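Undergrad: For reference, the file entry_0.cif (mmCIF, C-alpha atoms and all ligand atoms) is included below:
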data_coords
#
loop_
_atom_site.label_atom_id
_atom_site.label_comp_id
_atom_site.auth_asym_id
_atom_site.auth_seq_id
_atom_site.Cartn_x
_atom_site.Cartn_y
_atom_site.Cartn_z
CA MET A 140 193.93 121.54 148.20
CA LYS A 141 192.78 117.96 148.24
CA THR A 142 191.65 116.42 144.96
CA ILE A 143 187.88 115.94 144.72
CA LYS A 144 186.74 112.68 143.17
CA ALA A 145 183.84 112.99 140.75
CA ALA A 146 182.13 109.94 139.28
CA THR A 147 184.66 109.13 136.58
CA TYR A 148 187.24 111.89 136.86
CA PRO A 149 189.33 113.84 139.38
CA ILE A 150 189.13 117.57 140.07
CA HIS A 151 192.67 118.74 140.81
CA PHE A 152 193.66 122.13 142.20
CA ASN A 153 196.34 124.72 141.54
CA GLU A 154 200.01 124.01 140.80
CA GLU A 155 200.08 120.25 141.40
CA ALA A 156 197.18 119.81 139.03
CA TYR A 157 199.51 120.47 136.09
CA THR A 158 201.64 117.49 137.10
CA ASN A 159 198.49 115.37 137.08
CA LEU A 160 197.55 116.68 133.65
CA SER A 161 200.99 115.99 132.22
CA LYS A 162 200.76 112.45 133.60
CA LEU A 163 197.28 111.96 132.14
CA ILE A 164 198.61 113.00 128.74
CA ASP A 165 201.57 110.61 128.96
CA ASP A 166 199.54 107.69 130.29
CA ASN A 167 196.90 107.95 127.58
CA LYS A 168 199.35 108.34 124.70
CA TYR A 169 197.29 111.07 123.07
CA SER A 170 198.22 111.85 119.46
CA THR A 171 197.63 115.63 119.53
CA LEU A 172 196.55 118.16 122.12
CA PHE A 173 193.98 120.71 120.92
CA ILE A 174 193.67 123.68 123.24
CA LEU A 175 190.38 125.57 122.87
CA VAL A 176 190.67 129.24 123.87
CA ASP A 177 189.04 132.59 123.15
CA GLU A 178 190.98 135.78 122.46
CA ASN A 179 191.04 136.66 126.17
CA THR A 180 192.16 133.32 127.54
CA PHE A 181 194.72 132.98 124.74
CA GLU A 182 196.28 136.27 125.78
CA HIS A 183 195.94 136.05 129.56
CA CYS A 184 195.77 132.35 130.52
CA TYR A 185 197.47 130.34 127.78
CA PRO A 186 201.03 131.55 128.63
CA LYS A 187 200.68 130.34 132.24
CA PHE A 188 199.02 127.12 131.13
CA ILE A 189 201.65 126.20 128.56
CA SER A 190 204.58 127.05 130.81
CA ASN A 191 203.22 124.65 133.43
CA LEU A 192 202.57 121.78 131.06
CA SER A 193 205.29 119.23 130.51
CA THR A 194 204.74 117.29 127.29
CA THR A 195 206.34 116.50 123.98
CA LYS A 196 203.01 116.05 122.19
CA ARG A 197 202.00 118.20 119.24
CA ILE A 198 199.93 121.12 120.49
CA GLU A 199 197.44 123.02 118.33
CA VAL A 200 195.57 126.06 119.61
CA ILE A 201 192.05 126.72 118.34
CA GLU A 202 190.64 130.15 119.11
CA ILE A 203 186.98 131.12 119.06
CA SER A 204 185.42 134.52 119.75
CA SER A 205 184.45 135.17 123.35
CA GLY A 206 180.88 135.73 124.48
CA GLU A 207 177.58 133.92 124.88
CA ILE A 208 176.46 134.96 121.36
CA HIS A 209 179.13 132.63 119.96
CA LYS A 210 177.96 129.63 121.98
CA ASN A 211 176.23 128.03 119.01
CA LEU A 212 176.46 125.27 116.41
CA GLU A 213 178.15 127.57 113.89
CA THR A 214 181.09 127.98 116.28
CA CYS A 215 181.13 124.21 116.82
CA MET A 216 181.34 123.71 113.05
CA GLY A 217 184.36 126.00 112.96
CA VAL A 218 186.07 124.01 115.71
CA TRP A 219 185.22 120.63 114.14
CA ASN A 220 186.60 121.88 110.81
CA ALA A 221 189.75 123.16 112.48
CA ILE A 222 190.37 119.87 114.31
CA THR A 223 189.82 117.97 111.06
CA GLU A 224 192.15 120.19 109.04
CA LEU A 225 194.79 119.90 111.75
CA GLY A 226 194.68 116.11 111.56
CA GLY A 227 192.65 115.35 114.68
CA ASP A 228 191.90 111.69 115.29
CA ARG A 229 190.24 109.55 117.96
CA LYS A 230 193.33 109.73 120.17
CA SER A 231 193.30 113.53 120.21
CA LEU A 232 192.67 115.32 123.49
CA LEU A 233 190.73 118.59 123.61
CA ILE A 234 191.66 120.87 126.50
CA THR A 235 189.18 123.67 127.16
CA LEU A 236 190.79 126.77 128.66
CA GLY A 237 188.20 129.40 129.47
CA GLY A 238 184.86 130.30 131.00
CA GLY A 239 181.52 128.53 130.77
CA VAL A 240 181.12 129.12 127.03
CA ILE A 241 184.45 127.45 126.30
CA THR A 242 183.98 124.51 128.69
CA ASP A 243 180.33 123.86 127.69
CA LEU A 244 180.98 124.21 123.96
CA GLY A 245 184.34 122.43 124.06
CA GLY A 246 182.91 119.45 125.94
CA PHE A 247 180.13 119.22 123.37
CA VAL A 248 182.53 119.48 120.42
CA ALA A 249 184.76 116.77 121.89
CA SER A 250 181.85 114.45 122.71
CA CYS A 251 180.56 114.54 119.13
CA PHE A 252 183.83 114.54 117.18
CA LYS A 253 184.31 111.07 115.68
CA ARG A 254 181.69 109.90 118.22
CA GLY A 255 183.70 111.24 121.11
CA ILE A 256 187.25 112.16 122.01
CA ASP A 257 188.61 112.82 125.49
CA PHE A 258 188.51 116.31 126.93
CA VAL A 259 189.85 118.13 129.98
CA ASN A 260 188.27 121.25 131.46
CA ILE A 261 190.40 124.11 132.73
CA PRO A 262 187.96 126.76 133.94
CA THR A 263 189.35 130.29 134.13
CA THR A 264 186.32 132.19 135.47
CA LEU A 265 184.62 131.83 138.83
CA LEU A 266 181.40 130.71 137.15
CA SER A 267 183.06 127.91 135.25
CA MET A 268 185.11 126.84 138.29
CA VAL A 269 182.14 126.46 140.62
CA ASP A 270 179.57 125.26 138.10
CA ALA A 271 180.07 124.77 134.37
CA SER A 272 183.27 122.71 134.33
CA VAL A 273 182.01 120.12 136.83
CA GLY A 274 179.05 117.76 136.42
CA GLY A 275 179.17 116.66 132.80
CA LYS A 276 176.72 119.07 131.18
CA THR A 277 177.93 120.12 127.75
CA GLY A 278 176.15 122.05 125.03
CA VAL A 279 175.35 125.21 123.13
CA ASP A 280 172.49 127.67 122.74
CA LEU A 281 169.88 127.57 119.99
CA GLY A 282 169.38 131.19 119.01
CA VAL A 283 168.86 132.97 122.32
CA LEU A 284 167.56 129.82 123.99
CA LYS A 285 170.12 128.68 126.50
CA ASN A 286 171.80 125.26 126.34
CA GLN A 287 169.10 123.69 124.16
CA ILE A 288 171.50 121.43 122.27
CA GLY A 289 173.85 119.27 124.25
CA LEU A 290 174.57 116.07 126.07
CA PHE A 291 175.94 114.74 129.32
CA ALA A 292 179.59 113.82 128.93
CA ASN A 293 182.30 113.75 131.56
CA PRO A 294 185.79 115.16 131.10
CA GLU A 295 188.88 113.09 131.90
CA MET A 296 189.90 115.69 134.47
CA VAL A 297 189.07 119.16 135.70
CA LEU A 298 191.99 121.40 136.57
CA VAL A 299 191.05 124.32 138.82
CA ASP A 300 193.80 126.92 139.09
CA THR A 301 192.40 129.83 141.06
CA ASN A 302 195.27 132.06 139.89
CA TYR A 303 193.39 132.46 136.60
CA LEU A 304 190.83 134.57 138.45
CA ALA A 305 193.36 137.42 138.40
CA THR A 306 192.65 137.66 134.65
CA VAL A 307 188.90 138.36 134.91
CA THR A 308 186.85 141.44 135.76
CA GLN A 309 184.96 142.03 139.00
CA ARG A 310 181.76 141.75 136.97
CA GLU A 311 182.75 138.21 135.99
CA ILE A 312 183.61 137.36 139.59
CA ASN A 313 180.16 138.60 140.61
CA SER A 314 178.62 136.45 137.91
CA GLY A 315 180.14 133.32 139.45
CA THR A 316 179.19 134.44 142.95
CA ALA A 317 175.52 133.96 142.04
CA GLU A 318 176.11 130.21 141.75
CA ILE A 319 177.86 130.15 145.14
CA ILE A 320 174.86 131.97 146.65
CA LYS A 321 172.62 129.35 145.03
CA TYR A 322 174.58 126.52 146.70
CA GLY A 323 174.29 128.43 149.97
CA ILE A 324 170.53 128.85 149.74
CA THR A 325 169.67 125.38 148.50
CA TYR A 326 172.29 123.19 150.19
CA ASP A 327 174.48 124.83 152.83
CA THR A 328 173.21 127.81 154.83
CA ASN A 329 176.65 128.20 156.36
CA LEU A 330 177.98 129.02 152.91
CA PHE A 331 175.19 131.58 152.40
CA ASN A 332 176.07 133.19 155.72
CA GLN A 333 179.73 133.41 154.77
CA ILE A 334 178.79 135.42 151.70
CA LYS A 335 176.29 137.48 153.64
CA LYS A 336 178.86 138.53 156.19
CA ASP A 337 181.55 138.89 153.54
CA LYS A 338 184.08 137.45 155.92
CA GLY A 339 185.35 134.11 157.07
CA LEU A 340 185.96 131.92 154.06
CA GLY A 341 188.24 133.36 151.36
CA ILE A 342 187.47 132.95 147.68
CA THR A 343 189.53 129.74 147.41
CA ASP A 344 187.54 128.12 150.23
CA LEU A 345 184.25 129.29 148.70
CA ILE A 346 185.26 127.71 145.41
CA TYR A 347 186.34 124.46 147.04
CA ARG A 348 183.11 124.15 149.08
CA SER A 349 180.99 124.99 146.02
CA ILE A 350 182.67 122.29 143.95
CA GLU A 351 182.24 119.81 146.80
CA ILE A 352 178.52 120.59 146.90
CA LYS A 353 178.06 120.40 143.16
CA ASN A 354 179.92 117.09 143.09
CA GLU A 355 177.88 115.64 145.98
CA VAL A 356 174.66 116.52 144.18
CA VAL A 357 175.77 115.26 140.77
CA LEU A 358 177.09 111.98 142.22
CA GLN A 359 173.60 111.26 143.55
CA ASP A 360 171.74 112.35 140.42
CA PRO A 361 174.00 112.72 137.37
CA LYS A 362 171.22 113.03 134.78
CA GLU A 363 169.03 115.50 136.70
CA GLN A 364 166.13 113.16 137.37
CA ASN A 365 165.63 114.48 140.87
CA LEU A 366 168.04 116.05 143.37
CA ARG A 367 170.18 117.79 140.73
CA LYS A 368 167.17 119.94 139.86
CA ILE A 369 167.92 121.99 143.00
CA LEU A 370 170.86 123.43 141.08
CA ASN A 371 168.30 125.11 138.84
CA PHE A 372 167.00 127.30 141.66
CA GLY A 373 166.74 130.85 140.28
CA HIS A 374 167.54 129.59 136.79
CA THR A 375 164.02 129.16 135.40
CA LEU A 376 163.12 132.82 135.49
CA GLY A 377 166.82 133.72 135.41
CA HIS A 378 167.45 132.01 132.06
CA ALA A 379 164.34 133.65 130.56
CA ILE A 380 165.59 137.06 131.73
CA GLU A 381 169.07 136.31 130.40
CA SER A 382 167.65 135.25 127.02
CA PHE A 383 165.40 138.33 126.90
CA TYR A 384 168.38 140.65 127.38
CA LEU A 385 170.42 138.63 124.86
CA GLU A 386 167.83 139.10 122.12
CA SER A 387 167.08 142.72 122.96
CA ASN A 388 168.79 145.24 120.66
CA ASP A 389 168.51 148.24 122.92
CA LYS A 390 169.50 146.73 126.27
CA GLU A 391 172.94 145.74 127.48
CA ASN A 392 173.27 141.98 128.04
CA LEU A 393 173.23 140.71 131.59
CA THR A 394 175.86 138.24 132.71
CA HIS A 395 174.57 134.78 133.57
CA GLY A 396 175.03 135.49 137.27
CA GLU A 397 173.27 138.86 137.14
CA ALA A 398 170.23 137.22 135.53
CA ILE A 399 170.27 134.26 137.92
CA ALA A 400 170.54 136.63 140.89
CA ILE A 401 167.30 138.34 139.77
CA GLY A 402 165.78 134.89 139.25
CA MET A 403 166.69 133.87 142.80
CA VAL A 404 165.02 136.95 144.29
CA CYS A 405 161.85 136.35 142.26
CA GLU A 406 161.75 132.60 142.92
CA SER A 407 162.33 133.18 146.66
CA TYR A 408 159.35 135.53 146.65
CA ILE A 409 157.23 132.98 144.76
CA SER A 410 158.34 130.37 147.34
CA SER A 411 156.99 132.54 150.15
CA LYS A 412 153.62 132.80 148.42
CA LEU A 413 153.29 129.13 147.46
CA LEU A 414 155.24 127.25 150.10
CA GLY A 415 155.37 129.58 153.07
CA PHE A 416 159.09 130.27 152.73
CA ASN A 417 159.79 132.83 155.45
CA MET A 418 159.50 136.39 154.11
CA LEU A 419 162.40 137.41 156.40
CA ASN A 420 164.59 135.00 154.45
CA VAL A 421 163.28 136.34 151.13
CA ASN A 422 164.27 139.86 152.18
CA GLU A 423 167.63 138.60 153.41
CA ILE A 424 168.31 136.97 150.02
CA LYS A 425 167.24 140.14 148.20
CA GLU A 426 169.48 142.26 150.42
CA VAL A 427 172.53 140.06 149.86
CA ILE A 428 171.94 140.07 146.13
CA LEU A 429 171.44 143.82 145.89
CA SER A 430 174.63 144.32 147.90
CA ILE A 431 176.55 142.57 145.11
CA TYR A 432 174.67 143.42 141.90
CA ASP A 433 173.39 146.74 140.56
CA LYS A 434 169.65 146.75 140.38
CA THR A 435 168.32 146.00 136.90
CA ARG A 436 164.99 147.68 136.32
CA LEU A 437 162.72 145.10 134.71
CA LEU A 438 160.22 147.03 132.61
CA LYS A 439 156.60 146.11 133.03
CA GLU A 440 156.15 146.13 129.27
CA ASP A 441 158.84 143.39 129.02
CA PHE A 442 157.25 140.99 131.53
CA SER A 443 155.14 139.17 128.94
CA ASP A 444 158.14 138.60 126.64
CA ILE A 445 160.13 137.20 129.56
CA ILE A 446 157.24 134.92 130.54
CA GLU A 447 156.92 133.80 126.90
CA LEU A 448 160.57 132.70 126.96
CA LEU A 449 159.82 130.38 129.91
CA LYS A 450 158.04 128.12 127.43
CA HIS A 451 161.44 127.00 126.17
CA ASP A 452 162.94 126.05 129.53
CA LYS A 453 164.62 122.64 129.36
CA LYS A 454 162.81 121.40 132.46
CA ASN A 455 159.37 121.83 130.88
CA ILE A 456 157.30 118.69 130.43
CA ASN A 457 154.10 118.67 128.35
CA GLY A 458 154.28 122.42 128.02
CA GLN A 459 154.31 122.91 131.81
CA VAL A 460 157.01 125.15 133.25
CA ASN A 461 158.65 123.55 136.29
CA PHE A 462 160.19 125.65 139.05
CA VAL A 463 162.46 124.68 141.93
CA LEU A 464 161.13 126.52 144.98
CA LEU A 465 162.06 126.77 148.64
CA GLU A 466 160.20 125.58 151.70
CA ALA A 467 163.15 126.71 153.79
CA PHE A 468 166.90 127.19 153.38
CA GLU A 469 168.32 123.80 152.28
CA LYS A 470 164.80 122.45 151.64
CA CYS A 471 163.72 122.62 147.99
CA LYS A 472 160.51 121.49 146.38
CA LEU A 473 160.89 120.36 142.79
CA ASP A 474 158.58 120.63 139.77
CA CYS A 475 156.37 123.46 141.10
CA LYS A 476 153.86 125.22 138.86
CA VAL A 477 153.53 129.00 139.04
CA THR A 478 150.75 131.21 137.65
CA GLU A 479 151.50 134.12 135.34
CA GLU A 480 150.06 136.54 137.94
CA LEU A 481 152.53 135.36 140.55
CA LEU A 482 155.44 135.60 138.10
CA ILE A 483 154.48 139.22 137.45
CA GLU A 484 154.11 139.88 141.17
CA SER A 485 157.57 138.44 141.79
CA MET A 486 159.16 140.75 139.22
CA ASP A 487 157.33 143.68 140.82
CA PHE A 488 158.78 142.55 144.15
CA TYR A 489 162.29 142.53 142.66
CA ASN A 490 161.76 146.03 141.26
CA ALA A 491 160.27 147.44 144.48
N1 LIG B 1 174.27 124.23 136.28
C1 LIG B 1 173.42 123.33 136.92
C2 LIG B 1 173.85 121.92 136.76
O1 LIG B 1 174.96 121.66 136.32
O2 LIG B 1 173.09 121.04 137.05
#
Please express what this file holds, its structure, as structure tokens.
TA:
Amino acid sequence: MKTIKAATYPIHFNEEAYTNLSKLIDDNKYSTLFILVDENTFEHCYPKFISNLSTTKRIEVIEISSGEIHKNLETCMGVWNAITELGGDRKSLLITLGGGVITDLGGFVASCFKRGIDFVNIPTTLLSMVDASVGGKTGVDLGVLKNQIGLFANPEMVLVDTNYLATVTQREINSGTAEIIKYGITYDTNLFNQIKKDKGLGITDLIYRSIEIKNEVVLQDPKEQNLRKILNFGHTLGHAIESFYLESNDKENLTHGEAIAIGMVCESYISSKLLGFNMLNVNEIKEVILSIYDKTRLLKEDFSDIIELLKHDKKNINGQVNFVLLEAFEKCKLDCKVTEELLIESMDFYNA
């Protein structure tokens, strides 16, 4: 697969990407390679990674616990301490090998350590391949509030090896699929139709097209002043729902994609009410999503807590919650305001 050129870094694919990584390491004369993993990627991905890498540099593996609940500053402290104790310096390279938690947190750790060391992202889940590892967003959660602490920082390279997908569960694949559906709805209806029909493009092609789209958007608006906001479709309500389930003691957590999928159904419905988005399309989106994800019953008594969490969305300005809504497929309207009544109605629509 052809290398995709992002603003300051290449996105290489599959086997030949390892040659590019080995060359990057040689060319830059890095002092030490720190590989950030969790217990799953250390067991299932690290052996493949290390056997493909050709280098004589010192390699140190730093392992953190998997899961969104560990995507916080405390984990960053542990990694910074480990790098320091292992003699990390400004010419160290941090390689993130994992899903969105690892790539987001690792990029943040690298960007702050000694005011910034180089990092390379190697996403191992579908979600991190099609979204998190590309585009320069790094960061961690603050309590249950998603990605509240972070900065924009680009990696030196992204290495996408789709073989790593064999190491993840179907639930994780579905989680990443939500982002592909989002690209389809907001940017490329053909992509949406491919998923709808569940035929045509294979997973590798879906990944490649998704990364192309993300890169095209980010190249035009790297700091999310405008166009990049379309990538937040479904995420305003989706993040609030994800946070609500994260902080709830008696409910199983939703994956990011499961929450965003609910958010996309609700925000499509809101779009029909506010912007005349065709109700046939809303139903089509709901149908596709319910064909992939089990229905989560949102309890009426939880609606107000979910709406309360919207107050912390990163896109808010002057206390106003900003939604990305749809006028049509591939036609988004940014910075829309939505009443509490309509938010409730949209969750009722999802439940119905
Ligand atoms: N995940 C949305 C973005 O990177 O802008």
Undergrad: Enumerate, as a list in words, the protein, DNA and RNA residues whose atoms approach (180.4, 142.3, 124.5) to within 12 Å, taking into account all atoms listed in the file and the coordinate frame of the file.
TA: Ser204, Ser205, Gly206, Glu207, Ile208, His209, Leu385, Lys390, Glu391, Asn392, Leu393 and Thr394 of chain A
Undergrad: If you count all atoms listed in the file, which residues end up within 12 Å of ligand LIG 1 (chain B), as an MDAnalysis selection string?
TA: chainID A and resid 239 243 266:278 285:286 290:293 315 317:319 321:322 349:350 352:375 378 395:396 399 453:454
Undergrad: If we draw a sphere of 9 Å around (199.1, 121.1, 120.6), which residues have at least one atom in it when counting all atoms listed in the file? Please report them as JSON, numbers by chain.
TA: {"A": [171, 172, 173, 174, 196, 197, 198, 199, 200]}
Undergrad: Give me the residues near A:Glu484 as a VMD selection string, where near means some atom within 10 Å (using all atoms listed in the file) and where sequence neighbours in that chain fewer than 5 positions away do not count.
TA: chain A and resid 405 408 to 409 478 to 479 489 to 490
Undergrad: Write out as number ranges by chain each polymer residue whose atoms come within 8 Å of A:Ser407, counting all atoms listed in the file; drop sequence neighbours fewer than 6 positions from it.
TA: A: 416, 421, 424, 464-465
Undergrad: Could you tell me which of A:Leu376, A:Lys230, A:Ile164, A:Gly237 comes closest to A:Phe181 if we count only C-alpha atoms?
TA: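 When distances to A:Phe181 are compared using only C-alpha atoms, the smallest one comes from A:Gly237.
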Undergrad: Quick one, how far is atom CA of A:Leu304 from atom CA of A:Thr264?
TA: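 Answer for the atom CA of A:Leu304 to atom CA of A:Thr264 separation: 5.9 Å.
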Undergrad: I need the residue nearest A:Ala145 from this list: A:Asp165, A:Asp441, A:Glu295, A:Glu466. Use only C-alpha atoms for the distance.
TA: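 Ranking A:Asp165, A:Asp441, A:Glu295, A:Glu466 by distance to A:Ala145, first place goes to A:Glu295.
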